[in-house]
Structures are given as structure tokens and as C-alpha cells.
>>> print(open('entry33.json').read())   # JSON, C-alpha atoms
[["chain", "number", "residue", "atom", "x", "y", "z"],
["M", 1, "MET", "CA", -88.09, -27.14, -21.87],
["M", 2, "VAL", "CA", -86.48, -23.86, -20.80],
["M", 3, "SER", "CA", -86.15, -22.72, -24.41],
["M", 4, "LEU", "CA", -89.84, -23.44, -24.97],
["M", 5, "LEU", "CA", -90.71, -21.37, -21.91],
["M", 6, "ILE", "CA", -88.50, -18.50, -23.16],
["M", 7, "PHE", "CA", -90.16, -18.76, -26.55],
["M", 8, "PHE", "CA", -93.73, -18.49, -25.24],
["M", 9, "ILE", "CA", -93.00, -15.77, -22.68],
["M", 10, "SER", "CA", -91.18, -13.68, -25.27],
["M", 11, "LEU", "CA", -94.04, -14.27, -27.73],
["M", 12, "LEU", "CA", -96.49, -12.97, -25.14],
["M", 13, "PHE", "CA", -94.45, -9.85, -24.41],
["M", 14, "LEU", "CA", -93.66, -9.28, -28.08],
["M", 15, "THR", "CA", -97.39, -9.34, -28.81],
["M", 16, "ARG", "CA", -97.96, -6.84, -25.98],
["M", 17, "THR", "CA", -95.22, -4.57, -27.34],
["M", 18, "VAL", "CA", -96.66, -4.70, -30.86],
["M", 19, "LEU", "CA", -100.12, -3.83, -29.49],
["M", 20, "ILE", "CA", -98.64, -0.84, -27.68],
["M", 21, "PHE", "CA", -96.65, 0.17, -30.76],
["M", 22, "THR", "CA", -99.72, 0.10, -33.00],
["M", 23, "GLY", "CA", -101.86, 1.96, -30.46],
["M", 24, "HIS", "CA", -104.18, -0.85, -29.45],
["M", 25, "LEU", "CA", -102.98, -0.96, -25.85],
["M", 26, "LYS", "CA", -102.76, 2.43, -24.18],
["M", 27, "GLY", "CA", -102.53, 1.65, -20.45],
["M", 28, "PRO", "CA", -98.77, 1.09, -20.14],
["M", 29, "VAL", "CA", -98.00, 4.32, -22.00],
["M", 30, "ILE", "CA", -100.57, 6.32, -20.05],
["M", 31, "ALA", "CA", -98.99, 5.05, -16.82],
["M", 32, "LEU", "CA", -95.88, 7.08, -17.69],
["M", 33, "PHE", "CA", -97.92, 10.27, -17.32],
["M", 34, "GLN", "CA", -98.69, 9.56, -13.65],
["M", 35, "LYS", "CA", -95.14, 10.13, -12.43],
["M", 36, "TYR", "CA", -94.19, 13.30, -10.63],
["M", 37, "GLY", "CA", -90.79, 14.92, -10.82],
["M", 38, "ASP", "CA", -88.65, 17.24, -12.86],
["M", 39, "LYS", "CA", -88.24, 15.13, -15.96],
["M", 40, "GLU", "CA", -91.02, 13.41, -17.86],
["M", 41, "ASP", "CA", -90.06, 10.06, -19.35],
["M", 42, "LEU", "CA", -90.64, 9.64, -23.07],
["M", 43, "TYR", "CA", -92.06, 6.33, -24.21],
["M", 44, "LEU", "CA", -89.56, 4.69, -26.58],
["M", 45, "PRO", "CA", -91.28, 1.77, -28.35],
["M", 46, "LEU", "CA", -88.22, 0.71, -30.32],
["M", 47, "LEU", "CA", -86.30, -0.56, -27.28],
["M", 48, "PRO", "CA", -88.81, -3.13, -25.98],
["M", 49, "LEU", "CA", -89.57, -4.12, -29.57],
["M", 50, "LEU", "CA", -85.87, -4.90, -30.16],
["M", 51, "ALA", "CA", -85.44, -6.63, -26.81],
["M", 52, "TRP", "CA", -88.49, -8.89, -27.06],
["M", 53, "SER", "CA", -87.83, -9.66, -30.73],
["M", 54, "GLY", "CA", -84.33, -10.73, -29.75],
["M", 55, "MET", "CA", -85.59, -12.93, -26.94],
["M", 56, "PHE", "CA", -88.21, -14.41, -29.26],
["M", 57, "LEU", "CA", -85.59, -15.30, -31.88],
["M", 58, "ILE", "CA", -83.25, -16.75, -29.27],
["M", 59, "GLY", "CA", -86.06, -18.88, -27.84],
["M", 60, "PHE", "CA", -87.23, -19.94, -31.30],
["M", 61, "GLY", "CA", -83.68, -20.73, -32.41],
["M", 62, "SER", "CA", -82.87, -22.87, -29.41],
["M", 63, "TRP", "CA", -86.27, -24.57, -29.49],
["M", 64, "SER", "CA", -86.09, -25.42, -33.19],
["M", 65, "ALA", "CA", -82.43, -26.46, -33.24],
["M", 66, "ALA", "CA", -83.19, -30.14, -33.63],
["M", 67, "SER", "CA", -85.97, -29.91, -36.19],
["M", 68, "LEU", "CA", -84.96, -27.08, -38.54],
["M", 69, "GLY", "CA", -81.18, -27.01, -38.31],
["M", 70, "VAL", "CA", -81.02, -23.20, -38.67],
["M", 71, "ALA", "CA", -80.85, -22.37, -35.00],
["M", 72, "ALA", "CA", -77.53, -20.56, -35.25],
["M", 73, "SER", "CA", -78.93, -17.94, -37.62],
["M", 74, "PHE", "CA", -82.02, -17.23, -35.47],
["M", 75, "THR", "CA", -79.98, -17.18, -32.29],
["M", 76, "GLY", "CA", -77.35, -14.91, -33.85],
["M", 77, "ILE", "CA", -79.94, -12.43, -35.06],
["M", 78, "GLY", "CA", -81.61, -12.54, -31.63],
["M", 79, "ILE", "CA", -78.34, -11.80, -29.85],
["M", 80, "ALA", "CA", -77.67, -8.92, -32.26],
["M", 81, "LEU", "CA", -81.14, -7.46, -31.51],
["M", 82, "LEU", "CA", -80.56, -7.79, -27.76],
["M", 83, "LEU", "CA", -77.22, -6.02, -28.10],
["M", 84, "ALA", "CA", -78.87, -3.24, -30.12],
["M", 85, "ALA", "CA", -81.50, -2.85, -27.38],
["M", 86, "PHE", "CA", -78.78, -2.77, -24.72],
["M", 87, "VAL", "CA", -76.90, -0.04, -26.59],
["M", 88, "GLY", "CA", -80.18, 1.86, -27.02],
["M", 89, "TYR", "CA", -80.85, 1.74, -23.28],
["M", 90, "GLN", "CA", -77.36, 3.19, -22.69],
["M", 91, "TYR", "CA", -78.00, 6.17, -25.00],
["M", 92, "ILE", "CA", -81.58, 7.16, -24.08],
["M", 93, "PRO", "CA", -81.22, 10.94, -24.81],
["M", 94, "ALA", "CA", -80.00, 10.40, -28.38],
["M", 95, "LEU", "CA", -82.62, 7.73, -28.97],
["M", 96, "SER", "CA", -85.41, 9.95, -27.63],
["M", 97, "ASP", "CA", -84.46, 12.62, -30.21],
["M", 98, "PHE", "CA", -84.66, 9.95, -32.92],
["M", 99, "HIS", "CA", -88.10, 8.88, -31.69],
["M", 100, "ARG", "CA", -89.43, 12.44, -31.68],
["M", 101, "LYS", "CA", -88.24, 13.12, -35.22],
["M", 102, "TYR", "CA", -88.64, 9.88, -37.13],
["M", 103, "LEU", "CA", -90.41, 7.12, -35.22],
["M", 104, "ARG", "CA", -93.67, 8.77, -34.22],
["M", 105, "TYR", "CA", -95.50, 5.70, -32.97],
["M", 106, "PRO", "CA", -97.92, 5.28, -31.32],
["M", 107, "ARG", "CA", -99.54, 8.22, -33.10],
["M", 108, "TRP", "CA", -102.06, 9.00, -30.37],
["M", 109, "TYR", "CA", -99.19, 9.37, -27.90],
["M", 110, "HIS", "CA", -97.29, 11.90, -29.98],
["M", 111, "ARG", "CA", -100.48, 13.81, -30.70],
["M", 112, "LEU", "CA", -101.16, 13.96, -26.98],
["M", 113, "LEU", "CA", -97.60, 15.16, -26.29],
["M", 114, "GLU", "CA", -97.94, 17.97, -28.81],
["M", 115, "HIS", "CA", -101.36, 19.23, -27.77],
["M", 116, "THR", "CA", -101.39, 18.89, -23.98],
["M", 117, "THR", "CA", -99.41, 20.11, -21.02],
["M", 118, "ARG", "CA", -97.85, 17.82, -18.48],
["M", 119, "TYR", "CA", -100.57, 18.64, -15.96],
["M", 120, "GLU", "CA", -103.27, 17.71, -18.47],
["M", 121, "ARG", "CA", -101.55, 14.44, -19.33],
["M", 122, "ARG", "CA", -101.33, 13.60, -15.64],
["M", 123, "ARG", "CA", -105.06, 14.24, -15.29],
["M", 124, "ILE", "CA", -105.72, 12.00, -18.29],
["M", 125, "ALA", "CA", -103.64, 9.26, -16.69],
["M", 126, "TYR", "CA", -105.50, 9.38, -13.40],
["M", 127, "MET", "CA", -108.88, 9.57, -15.12],
["M", 128, "TRP", "CA", -107.85, 6.50, -17.16],
["M", 129, "LEU", "CA", -107.56, 4.57, -13.92],
["M", 130, "ARG", "CA", -111.17, 5.45, -13.06],
["M", 131, "LEU", "CA", -112.60, 4.19, -16.34],
["M", 132, "PRO", "CA", -114.49, 0.90, -16.36],
["M", 133, "TRP", "CA", -112.78, -2.03, -18.03],
["M", 134, "ARG", "CA", -115.09, -2.07, -21.06],
["M", 135, "MET", "CA", -114.64, 1.64, -21.67],
["M", 136, "ARG", "CA", -110.86, 1.15, -21.64],
["M", 137, "LEU", "CA", -111.27, -1.60, -24.24],
["M", 138, "THR", "CA", -113.30, 0.78, -26.41],
["M", 139, "TYR", "CA", -110.71, 3.54, -26.16],
["M", 140, "ASN", "CA", -107.87, 1.07, -26.76],
["M", 141, "SER", "CA", -109.41, -0.04, -30.02],
["M", 142, "ASP", "CA", -110.29, 3.40, -31.43],
["M", 143, "ASP", "CA", -107.87, 6.33, -31.34],
["M", 144, "ARG", "CA", -110.50, 8.88, -32.38],
["M", 145, "TRP", "CA", -112.70, 8.04, -29.41],
["M", 146, "PHE", "CA", -109.70, 8.14, -27.10],
["M", 147, "VAL", "CA", -108.66, 11.59, -28.32],
["M", 148, "LEU", "CA", -112.25, 12.80, -27.90],
["M", 149, "TRP", "CA", -112.33, 11.44, -24.36],
["M", 150, "ALA", "CA", -108.96, 13.07, -23.62],
["M", 151, "ASP", "CA", -110.33, 16.38, -24.91],
["M", 152, "PHE", "CA", -113.25, 16.08, -22.50],
["M", 153, "VAL", "CA", -110.86, 15.38, -19.63],
["M", 154, "ILE", "CA", -108.83, 18.44, -20.63],
["M", 155, "MET", "CA", -111.97, 20.59, -20.80],
["M", 156, "GLY", "CA", -112.89, 19.39, -17.32],
["M", 157, "THR", "CA", -109.42, 20.28, -16.15],
["M", 158, "VAL", "CA", -109.71, 23.77, -17.61],
["M", 159, "MET", "CA", -113.14, 24.28, -16.05],
["M", 160, "GLU", "CA", -111.87, 23.10, -12.68],
["M", 161, "SER", "CA", -108.78, 25.30, -12.76],
["M", 162, "ASP", "CA", -110.91, 28.32, -13.77],
["M", 163, "SER", "CA", -113.15, 27.82, -10.75],
["M", 164, "ILE", "CA", -110.13, 27.51, -8.46],
["M", 165, "ASP", "CA", -108.55, 30.71, -9.82],
["M", 166, "GLN", "CA", -111.62, 32.86, -9.10],
["M", 167, "PRO", "CA", -111.85, 33.26, -5.31],
["M", 168, "GLY", "CA", -115.27, 34.94, -5.23],
["M", 169, "ARG", "CA", -116.95, 32.15, -7.11],
["M", 170, "ARG", "CA", -118.76, 29.43, -5.17],
["M", 171, "GLN", "CA", -118.12, 25.83, -6.06],
["M", 172, "ALA", "CA", -120.95, 23.34, -6.35]]
>>> encode(input="entry33.json", output="C-alpha cells")
Amino acid sequence: MVSLLIFFISLLFLTRTVLIFTGHLKGPVIALFQKYGDKEDLYLPLLPLLAWSGMFLIGFGSWSAASLGVAASFTGIGIALLLAAFVGYQYIPALSDFHRKYLRYPRWYHRLLEHTTRYERRRIAYMWLRLPWRMRLTYNSDDRWFVLWADFVIMGTVMESDSIDQPGRRQA
């Protein structure tokens, strides 16, 4: 029963991780932009993908041990993936360089990192929280619309900062 529970929970989180990796779920990545501080965290999709794949294979291997008879191979691969994720979490700086150079997923995220400042990304994150649920679903499903919306948020940020910088100008 426990192995079945591990299997279904890991399947749920593996599906969530794949949706984030492919760009169809933007909220968890955008939440990283809200944090204040000296260092901005980079989203590394490989680590949760390895971890939840490992848990999925361990759960599947222990659940199917009686029926398939190949549980040791699934469980062994799952443990190897969990160990790879653990090592990855220990060496975050080296892995973040790898992500920036080779593993540029989700694409909208890397495009946003290249074309916006940290202040603009923070504004995008807080404006994301104000969006209605259906609008978030629309932007989750289409990267072009999301980038267009982000550009509008950035333009609003620029307009607002211009009005703040000019002391003689009245604000509406």
C-alpha cells in the first residue's frame, strides 16, 4: 500500500515537473522572481526531474515486484537517479552553469532572464499574482502571449519609473 502511495504521489509531481519543464506551468518558476536579497536563484529543472523520476521508478518497482518480476532493475535505476539528484543539489553552482549553457528549458524563462532586469522580473512575478485564474491558464498554455504580457508589464514599469524620476511632473 505504501509503495502504491509513493507511486501515485511521485507520478503527480513528475507530471508537474514535466509541465514546468515544457513551459506549460509558469507559476512555480515565476515565484522565484519574488524573492529579495543579494543573489537571485536560478531555476534548475533537471534536479526535480531526476528526483521525481527516481521516486517514480522506485515506487513502480516496488509496486510491480510481484506481477512483473523486474522490480530490482526499476528500483536500481530509481536509486541511481535519486543519487544523481542528490549530487546535483550538492553542486548547484556548477550545475547552474550547465543549465545556462546547454539545458535552456523552459525557453520562456531563459528568454525572460536575458531580456529583463531583476526589478522587471520581480514586477512580472507580483503582477502574475494579480492575474485572474483563467488568464493564468491562457498564459501558461501559450508562451507568445505570456511574453507579450510580460512586455506590457515591463512597459508599465518603465512608464512608472519615468514618472517617479521627474519631480516636477504630476501623477494621476
>>> residues_around(input="entry33.json", residues="Ile9 (chain M)", least_positions_apart="5", cutoff="10 Å", atoms="all atoms listed in the file", output="mmCIF file with C-alpha atoms, in the frame of the given file")
data_model
loop_
_atom_site.group_PDB
_atom_site.id
_atom_site.type_symbol
_atom_site.label_atom_id
_atom_site.label_comp_id
_atom_site.auth_asym_id
_atom_site.auth_seq_id
_atom_site.Cartn_x
_atom_site.Cartn_y
_atom_site.Cartn_z
ATOM 1 C CA SER M 3 -86.150 -22.720 -24.410
ATOM 2 C CA LEU M 4 -89.840 -23.440 -24.970
ATOM 3 C CA LEU M 14 -93.660 -9.280 -28.080
ATOM 4 C CA THR M 15 -97.390 -9.340 -28.810
ATOM 5 C CA TRP M 52 -88.490 -8.890 -27.060
ATOM 6 C CA MET M 55 -85.590 -12.930 -26.940
ATOM 7 C CA PHE M 56 -88.210 -14.410 -29.260
ATOM 8 C CA GLY M 59 -86.060 -18.880 -27.840
#
>>> closest_residue(input="entry33.json", among="M:Ile30, M:Leu113, M:Trp149, M:Tyr105", to="Met135 (chain M)", atoms="all atoms listed in the file")
M:Trp149
>>> atom_distance(input="entry33.json", atom1="CA of Leu46 (chain M)", atom2="CA of Ala72 (chain M)")
24.3 Å
>>> closest_atom_pairs(input="entry33.json", of="region 72-116 of chain M", to="region 18-21 of chain M", cutoff="12 Å", atoms="all atoms listed in the file", output="Markdown table")
| residue | atom | partner | partner_atom | distance |
| --- | --- | --- | --- | --- |
| M:Leu103 | CA | M:Phe21 | CA | 10.4 |
| M:Arg104 | CA | M:Phe21 | CA | 9.7 |
| M:Tyr105 | CA | M:Phe21 | CA | 6.1 |
| M:Pro106 | CA | M:Phe21 | CA | 5.3 |
| M:Arg107 | CA | M:Phe21 | CA | 8.9 |
| M:Trp108 | CA | M:Phe21 | CA | 10.4 |
| M:Tyr109 | CA | M:Phe21 | CA | 10.0 |
| M:His110 | CA | M:Phe21 | CA | 11.8 |
>>> axis_aligned_box(input="entry33.json", around="region 2-11 of chain M", padding_each_side="3 Å", output="JSON")
{"center_x": -90.1, "center_y": -18.8, "center_z": -24.3, "size_x": 13.9, "size_y": 16.2, "size_z": 12.9}
>>> residues_near_point(input="entry33.json", point="(-95.5, 12.6, -24.9)", cutoff="12 Å", atoms="only C-alpha atoms", output="ChimeraX atom specification")
/M:29-33,39-44,96,99-100,104-122
>>> decode(input="entry33.json", residues="region 90-105 of chain M", atoms="all heavy atoms", output="CSV table (one decimal), in the first residue's frame")
chain,number,residue,atom,x,y,z
M,90,GLN,N,24.1,19.1,-4.3
M,90,GLN,CA,25.4,19.5,-3.6
M,90,GLN,C,26.2,20.4,-4.4
M,90,GLN,O,27.0,21.2,-3.8
M,90,GLN,CB,26.1,18.2,-3.2
M,90,GLN,CG,25.4,17.3,-2.3
M,90,GLN,CD,24.9,17.9,-1.0
M,90,GLN,OE1,25.7,18.6,-0.4
M,90,GLN,NE2,23.7,17.7,-0.7
M,91,TYR,N,26.1,20.4,-5.7
M,91,TYR,CA,27.0,21.2,-6.6
M,91,TYR,C,26.1,22.1,-7.5
M,91,TYR,O,26.2,22.1,-8.7
M,91,TYR,CB,27.8,20.3,-7.5
M,91,TYR,CG,28.8,19.4,-6.7
M,91,TYR,CD1,28.6,18.1,-6.5
M,91,TYR,CD2,29.9,20.0,-6.1
M,91,TYR,CE1,29.4,17.3,-5.8
M,91,TYR,CE2,30.8,19.2,-5.4
M,91,TYR,CZ,30.5,17.9,-5.2
M,91,TYR,OH,31.4,17.1,-4.5
M,92,ILE,N,25.3,23.0,-6.8
M,92,ILE,CA,24.4,23.9,-7.5
M,92,ILE,C,25.2,24.9,-8.4
M,92,ILE,O,24.7,25.1,-9.6
M,92,ILE,CB,23.6,24.6,-6.5
M,92,ILE,CG1,22.6,23.7,-5.8
M,92,ILE,CG2,22.8,25.8,-7.1
M,92,ILE,CD1,21.4,23.3,-6.5
M,93,PRO,N,26.3,25.5,-8.0
M,93,PRO,CA,26.9,26.5,-8.9
M,93,PRO,C,27.4,25.8,-10.2
M,93,PRO,O,27.2,26.4,-11.3
M,93,PRO,CB,28.1,27.0,-8.1
M,93,PRO,CG,27.8,26.8,-6.7
M,93,PRO,CD,26.9,25.5,-6.7
M,94,ALA,N,28.0,24.7,-10.2
M,94,ALA,CA,28.5,24.0,-11.4
M,94,ALA,C,27.3,23.6,-12.3
M,94,ALA,O,27.3,23.7,-13.5
M,94,ALA,CB,29.3,22.8,-11.1
M,95,LEU,N,26.2,23.2,-11.6
M,95,LEU,CA,25.0,22.7,-12.4
M,95,LEU,C,24.3,23.9,-13.0
M,95,LEU,O,23.7,23.8,-14.1
M,95,LEU,CB,24.1,22.0,-11.4
M,95,LEU,CG,23.0,21.2,-12.1
M,95,LEU,CD1,23.6,20.1,-13.1
M,95,LEU,CD2,22.1,20.5,-11.1
M,96,SER,N,24.3,25.1,-12.3
M,96,SER,CA,23.7,26.3,-12.9
M,96,SER,C,24.4,26.7,-14.1
M,96,SER,O,23.8,27.2,-15.1
M,96,SER,CB,23.6,27.4,-11.8
M,96,SER,OG,24.9,27.8,-11.5
M,97,ASP,N,25.7,26.6,-14.2
M,97,ASP,CA,26.5,26.9,-15.4
M,97,ASP,C,26.1,26.0,-16.5
M,97,ASP,O,25.9,26.4,-17.7
M,97,ASP,CB,28.0,26.9,-15.2
M,97,ASP,CG,28.5,28.0,-14.2
M,97,ASP,OD1,27.8,29.0,-14.1
M,97,ASP,OD2,29.6,27.8,-13.6
M,98,PHE,N,25.9,24.7,-16.2
M,98,PHE,CA,25.5,23.7,-17.2
M,98,PHE,C,24.1,24.1,-17.8
M,98,PHE,O,23.9,24.0,-19.0
M,98,PHE,CB,25.5,22.3,-16.6
M,98,PHE,CG,24.9,21.3,-17.5
M,98,PHE,CD1,25.6,20.8,-18.5
M,98,PHE,CD2,23.6,20.8,-17.3
M,98,PHE,CE1,25.1,19.8,-19.4
M,98,PHE,CE2,23.1,19.8,-18.1
M,98,PHE,CZ,23.8,19.3,-19.1
M,99,HIS,N,23.2,24.5,-16.9
M,99,HIS,CA,21.8,24.8,-17.3
M,99,HIS,C,21.9,26.1,-18.2
M,99,HIS,O,21.1,26.1,-19.2
M,99,HIS,CB,21.0,25.1,-16.1
M,99,HIS,CG,20.3,23.9,-15.5
M,99,HIS,ND1,19.2,23.4,-16.1
M,99,HIS,CD2,20.6,23.1,-14.5
M,99,HIS,CE1,18.8,22.3,-15.4
M,99,HIS,NE2,19.7,22.1,-14.5
M,100,ARG,N,22.7,27.1,-17.9
M,100,ARG,CA,22.7,28.3,-18.7
M,100,ARG,C,23.3,28.0,-20.1
M,100,ARG,O,22.9,28.6,-21.0
M,100,ARG,CB,23.5,29.3,-18.0
M,100,ARG,CG,22.8,30.0,-16.9
M,100,ARG,CD,23.6,31.2,-16.4
M,100,ARG,NE,22.8,31.9,-15.4
M,100,ARG,CZ,23.4,32.2,-14.2
M,100,ARG,NH1,24.6,32.0,-14.0
M,100,ARG,NH2,22.6,32.8,-13.3
M,101,LYS,N,24.2,27.1,-20.2
M,101,LYS,CA,24.8,26.8,-21.5
M,101,LYS,C,24.1,25.8,-22.3
M,101,LYS,O,23.9,26.0,-23.5
M,101,LYS,CB,26.3,26.3,-21.3
M,101,LYS,CG,27.2,27.4,-20.7
M,101,LYS,CD,28.6,26.8,-20.5
M,101,LYS,CE,29.5,27.8,-19.8
M,101,LYS,NZ,30.8,27.3,-19.5
M,102,TYR,N,23.7,24.7,-21.7
M,102,TYR,CA,23.2,23.6,-22.5
M,102,TYR,C,21.7,23.3,-22.4
M,102,TYR,O,21.0,23.0,-23.3
M,102,TYR,CB,24.0,22.3,-22.2
M,102,TYR,CG,25.5,22.5,-22.4
M,102,TYR,CD1,26.4,22.5,-21.3
M,102,TYR,CD2,26.0,22.7,-23.7
M,102,TYR,CE1,27.7,22.7,-21.5
M,102,TYR,CE2,27.3,22.9,-23.9
M,102,TYR,CZ,28.2,22.9,-22.8
M,102,TYR,OH,29.5,23.1,-23.0
M,103,LEU,N,21.2,23.3,-21.2
M,103,LEU,CA,19.8,22.9,-20.9
M,103,LEU,C,19.0,24.2,-20.7
M,103,LEU,O,18.7,24.6,-19.6
M,103,LEU,CB,19.8,22.0,-19.7
M,103,LEU,CG,18.5,21.3,-19.4
M,103,LEU,CD1,18.1,20.4,-20.5
M,103,LEU,CD2,18.5,20.6,-18.1
M,104,ARG,N,18.6,24.8,-21.8
M,104,ARG,CA,17.9,26.1,-21.8
M,104,ARG,C,16.3,25.9,-21.8
M,104,ARG,O,15.7,26.4,-22.7
M,104,ARG,CB,18.3,26.9,-22.9
M,104,ARG,CG,19.8,27.2,-22.8
M,104,ARG,CD,20.3,28.1,-23.9
M,104,ARG,NE,19.7,29.4,-24.0
M,104,ARG,CZ,20.0,30.4,-23.2
M,104,ARG,NH1,20.9,30.3,-22.3
M,104,ARG,NH2,19.3,31.6,-23.4
M,105,TYR,N,15.9,25.1,-20.8
M,105,TYR,CA,14.4,24.9,-20.7
M,105,TYR,C,14.0,25.4,-19.3
M,105,TYR,O,14.8,25.3,-18.4
M,105,TYR,CB,14.1,23.4,-20.9
M,105,TYR,CG,14.2,23.0,-22.3
M,105,TYR,CD1,15.3,22.3,-22.7
M,105,TYR,CD2,13.1,23.2,-23.2
M,105,TYR,CE1,15.4,21.9,-24.0
M,105,TYR,CE2,13.2,22.8,-24.5
M,105,TYR,CZ,14.3,22.1,-24.9
M,105,TYR,OH,14.4,21.7,-26.2
